[in-house]
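Text of the file data-v7.txt, holding compact mmCIF, N, CA and C atoms:
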```txt
# COMPACT_ATOMS: atom_id res chain seq x y z
N MET R 25 254.19 135.08 321.49
CA MET R 25 252.84 135.07 320.97
C MET R 25 252.29 136.48 321.09
N PRO R 26 251.84 137.05 319.99
CA PRO R 26 251.31 138.41 320.03
C PRO R 26 249.98 138.47 320.76
N GLY R 27 249.73 139.59 321.36
CA GLY R 27 248.48 139.80 322.06
C GLY R 27 247.84 141.10 321.62
N VAL R 28 246.52 141.13 321.66
CA VAL R 28 245.79 142.32 321.26
C VAL R 28 244.76 142.64 322.34
N LYS R 29 244.74 143.87 322.78
CA LYS R 29 243.73 144.29 323.75
C LYS R 29 242.58 144.94 323.00
N ILE R 30 241.37 144.60 323.38
CA ILE R 30 240.20 145.17 322.73
C ILE R 30 240.03 146.60 323.22
N ARG R 31 239.94 147.51 322.28
CA ARG R 31 239.78 148.93 322.61
C ARG R 31 238.34 149.23 323.00
N GLU R 32 238.18 150.37 323.61
CA GLU R 32 236.85 150.81 324.04
C GLU R 32 235.93 150.95 322.83
N GLY R 33 234.82 150.22 322.84
CA GLY R 33 233.83 150.32 321.76
C GLY R 33 234.20 149.55 320.50
N GLU R 34 235.26 148.74 320.56
CA GLU R 34 235.69 147.99 319.39
C GLU R 34 235.03 146.61 319.39
N SER R 35 234.60 146.19 318.22
CA SER R 35 233.96 144.89 318.12
C SER R 35 235.01 143.78 318.15
N PHE R 36 234.55 142.60 318.49
CA PHE R 36 235.46 141.45 318.54
C PHE R 36 236.04 141.16 317.17
N GLU R 37 235.22 141.31 316.12
CA GLU R 37 235.67 141.02 314.76
C GLU R 37 236.85 141.90 314.35
N LYS R 38 236.78 143.19 314.70
CA LYS R 38 237.88 144.10 314.36
C LYS R 38 239.15 143.75 315.14
N ALA R 39 238.98 143.41 316.41
CA ALA R 39 240.14 143.03 317.21
C ALA R 39 240.76 141.74 316.68
N PHE R 40 239.91 140.81 316.27
CA PHE R 40 240.42 139.55 315.73
C PHE R 40 241.16 139.79 314.42
N LYS R 41 240.67 140.71 313.61
CA LYS R 41 241.32 141.05 312.35
C LYS R 41 242.71 141.66 312.63
N ARG R 42 242.78 142.54 313.65
CA ARG R 42 244.08 143.11 314.03
C ARG R 42 245.03 142.02 314.50
N PHE R 43 244.51 141.07 315.27
CA PHE R 43 245.33 139.96 315.76
C PHE R 43 245.88 139.13 314.60
N LYS R 44 245.03 138.83 313.63
CA LYS R 44 245.47 138.04 312.47
C LYS R 44 246.55 138.78 311.69
N ARG R 45 246.37 140.09 311.52
CA ARG R 45 247.37 140.89 310.80
C ARG R 45 248.70 140.88 311.55
N LEU R 46 248.63 140.99 312.87
CA LEU R 46 249.84 140.98 313.69
C LEU R 46 250.56 139.63 313.57
N CYS R 47 249.79 138.55 313.58
CA CYS R 47 250.38 137.22 313.43
C CYS R 47 251.02 137.07 312.06
N GLU R 48 250.38 137.58 311.04
CA GLU R 48 250.91 137.51 309.68
C GLU R 48 252.20 138.32 309.58
N LYS R 49 252.22 139.47 310.23
CA LYS R 49 253.40 140.33 310.22
C LYS R 49 254.59 139.63 310.87
N GLU R 50 254.33 138.88 311.93
CA GLU R 50 255.41 138.18 312.63
C GLU R 50 255.69 136.81 312.05
N LYS R 51 255.01 136.47 310.98
CA LYS R 51 255.22 135.22 310.22
C LYS R 51 255.01 133.97 311.08
N ILE R 52 254.08 134.03 311.99
CA ILE R 52 253.80 132.89 312.86
C ILE R 52 253.17 131.76 312.08
N ARG R 53 252.23 132.10 311.22
CA ARG R 53 251.52 131.07 310.46
C ARG R 53 252.47 130.29 309.55
N SER R 54 253.37 131.00 308.89
CA SER R 54 254.31 130.30 308.00
C SER R 54 255.26 129.41 308.80
N GLU R 55 255.62 129.83 310.01
CA GLU R 55 256.47 128.99 310.87
C GLU R 55 255.75 127.71 311.27
N ILE R 56 254.47 127.83 311.60
CA ILE R 56 253.69 126.65 311.98
C ILE R 56 253.61 125.68 310.81
N LYS R 57 253.33 126.21 309.63
CA LYS R 57 253.24 125.35 308.44
C LYS R 57 254.57 124.68 308.17
N ARG R 58 255.66 125.43 308.35
CA ARG R 58 256.98 124.87 308.06
C ARG R 58 257.34 123.74 309.01
N HIS R 59 256.88 123.81 310.26
CA HIS R 59 257.22 122.80 311.25
C HIS R 59 256.24 121.63 311.29
N GLN R 60 255.26 121.63 310.41
CA GLN R 60 254.30 120.53 310.41
C GLN R 60 254.90 119.26 309.83
N ARG R 61 255.94 119.41 309.05
CA ARG R 61 256.58 118.22 308.48
C ARG R 61 258.10 118.40 308.55
N TYR R 62 258.80 117.28 308.43
CA TYR R 62 260.25 117.32 308.50
C TYR R 62 260.81 117.94 307.22
N GLU R 63 261.77 118.81 307.40
CA GLU R 63 262.44 119.44 306.27
C GLU R 63 263.89 118.95 306.25
N LYS R 64 264.27 118.34 305.16
CA LYS R 64 265.63 117.86 305.05
C LYS R 64 266.60 119.04 305.05
N PRO R 65 267.82 118.83 305.54
CA PRO R 65 268.79 119.92 305.58
C PRO R 65 269.06 120.55 304.21
N SER R 66 269.06 119.72 303.16
CA SER R 66 269.29 120.27 301.82
C SER R 66 268.13 121.17 301.40
N GLU R 67 266.90 120.80 301.77
CA GLU R 67 265.74 121.63 301.45
C GLU R 67 265.80 122.95 302.22
N ALA R 68 266.26 122.90 303.46
CA ALA R 68 266.36 124.11 304.26
C ALA R 68 267.38 125.07 303.64
N ARG R 69 268.52 124.53 303.18
CA ARG R 69 269.53 125.37 302.54
C ARG R 69 268.97 126.02 301.28
N LYS R 70 268.24 125.24 300.48
CA LYS R 70 267.65 125.78 299.24
C LYS R 70 266.66 126.89 299.56
N ARG R 71 265.84 126.69 300.59
CA ARG R 71 264.85 127.69 300.96
C ARG R 71 265.53 128.98 301.42
N LYS R 72 266.60 128.85 302.22
CA LYS R 72 267.30 130.02 302.70
C LYS R 72 267.97 130.78 301.55
N LEU R 73 268.58 130.06 300.61
CA LEU R 73 269.21 130.70 299.46
C LEU R 73 268.17 131.42 298.60
N LYS R 74 267.02 130.80 298.45
CA LYS R 74 265.94 131.41 297.68
C LYS R 74 265.48 132.70 298.35
N GLU R 75 265.36 132.69 299.67
CA GLU R 75 264.95 133.88 300.42
C GLU R 75 266.00 134.98 300.29
N LEU R 76 267.27 134.62 300.37
CA LEU R 76 268.33 135.62 300.22
C LEU R 76 268.32 136.22 298.82
N GLY R 77 268.08 135.40 297.82
CA GLY R 77 268.00 135.89 296.45
C GLY R 77 266.86 136.87 296.27
N ARG R 78 265.73 136.58 296.90
CA ARG R 78 264.57 137.47 296.82
C ARG R 78 264.89 138.81 297.47
N ILE R 79 265.57 138.78 298.60
CA ILE R 79 265.92 140.02 299.30
C ILE R 79 266.91 140.84 298.47
N ARG R 80 267.88 140.18 297.88
CA ARG R 80 268.87 140.88 297.05
C ARG R 80 268.21 141.55 295.85
N LYS R 81 267.26 140.86 295.24
CA LYS R 81 266.55 141.44 294.09
C LYS R 81 265.78 142.68 294.50
N GLN R 82 265.16 142.63 295.67
CA GLN R 82 264.41 143.80 296.14
C GLN R 82 265.35 144.97 296.39
N ARG R 83 266.50 144.71 296.97
CA ARG R 83 267.46 145.77 297.25
C ARG R 83 267.98 146.38 295.95
N LYS R 84 268.18 145.54 294.95
CA LYS R 84 268.70 146.01 293.66
C LYS R 84 267.73 146.96 292.98
N ARG R 85 266.44 146.68 293.12
CA ARG R 85 265.42 147.49 292.47
C ARG R 85 265.43 148.92 292.97
N TYR R 86 265.73 149.12 294.26
CA TYR R 86 265.62 150.47 294.84
C TYR R 86 266.92 151.11 295.07
```

Is it possible to express this structure as structure tokens?
Amino acid sequence: MPGVKIREGESFEKAFKRFKRLCEKEKIRSEIKRHQRYEKPSEARKRKLKELGRIRKQRKRY
């Protein structure tokens, strides 16, 4: 679980925004959503293949 220390003179809102960005970067929110319901093994394989295809396309572009 990521943690954020409030800097000197920093407002709570800014620190909370940094925390949310950090959570998004570590894909915590998407993991929580994914585990809210059962995913069949075939669906998991399809999702992984889709993710690999997306990564390959990005690599091809550059």

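Taking CA of Arg31 (chain R) and CA of Cys47 (chain R) as the two end points, the separation is 18.3 Å.
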
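CA of Lys51 (chain R) to atom N of Phe36 (chain R) spans 23.5 Å [interatomic distance, one decimal].
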
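What separates atom C of Arg42 (chain R) from CA of Pro26 (chain R) is a distance of 9.1 Å.
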
Return as a ChimeraX atom specification the full set of residues in chain R whose backbone-based DSSP assignment is helix (DSSP H, G or I).
-> /R:36-49,52-58,65-85
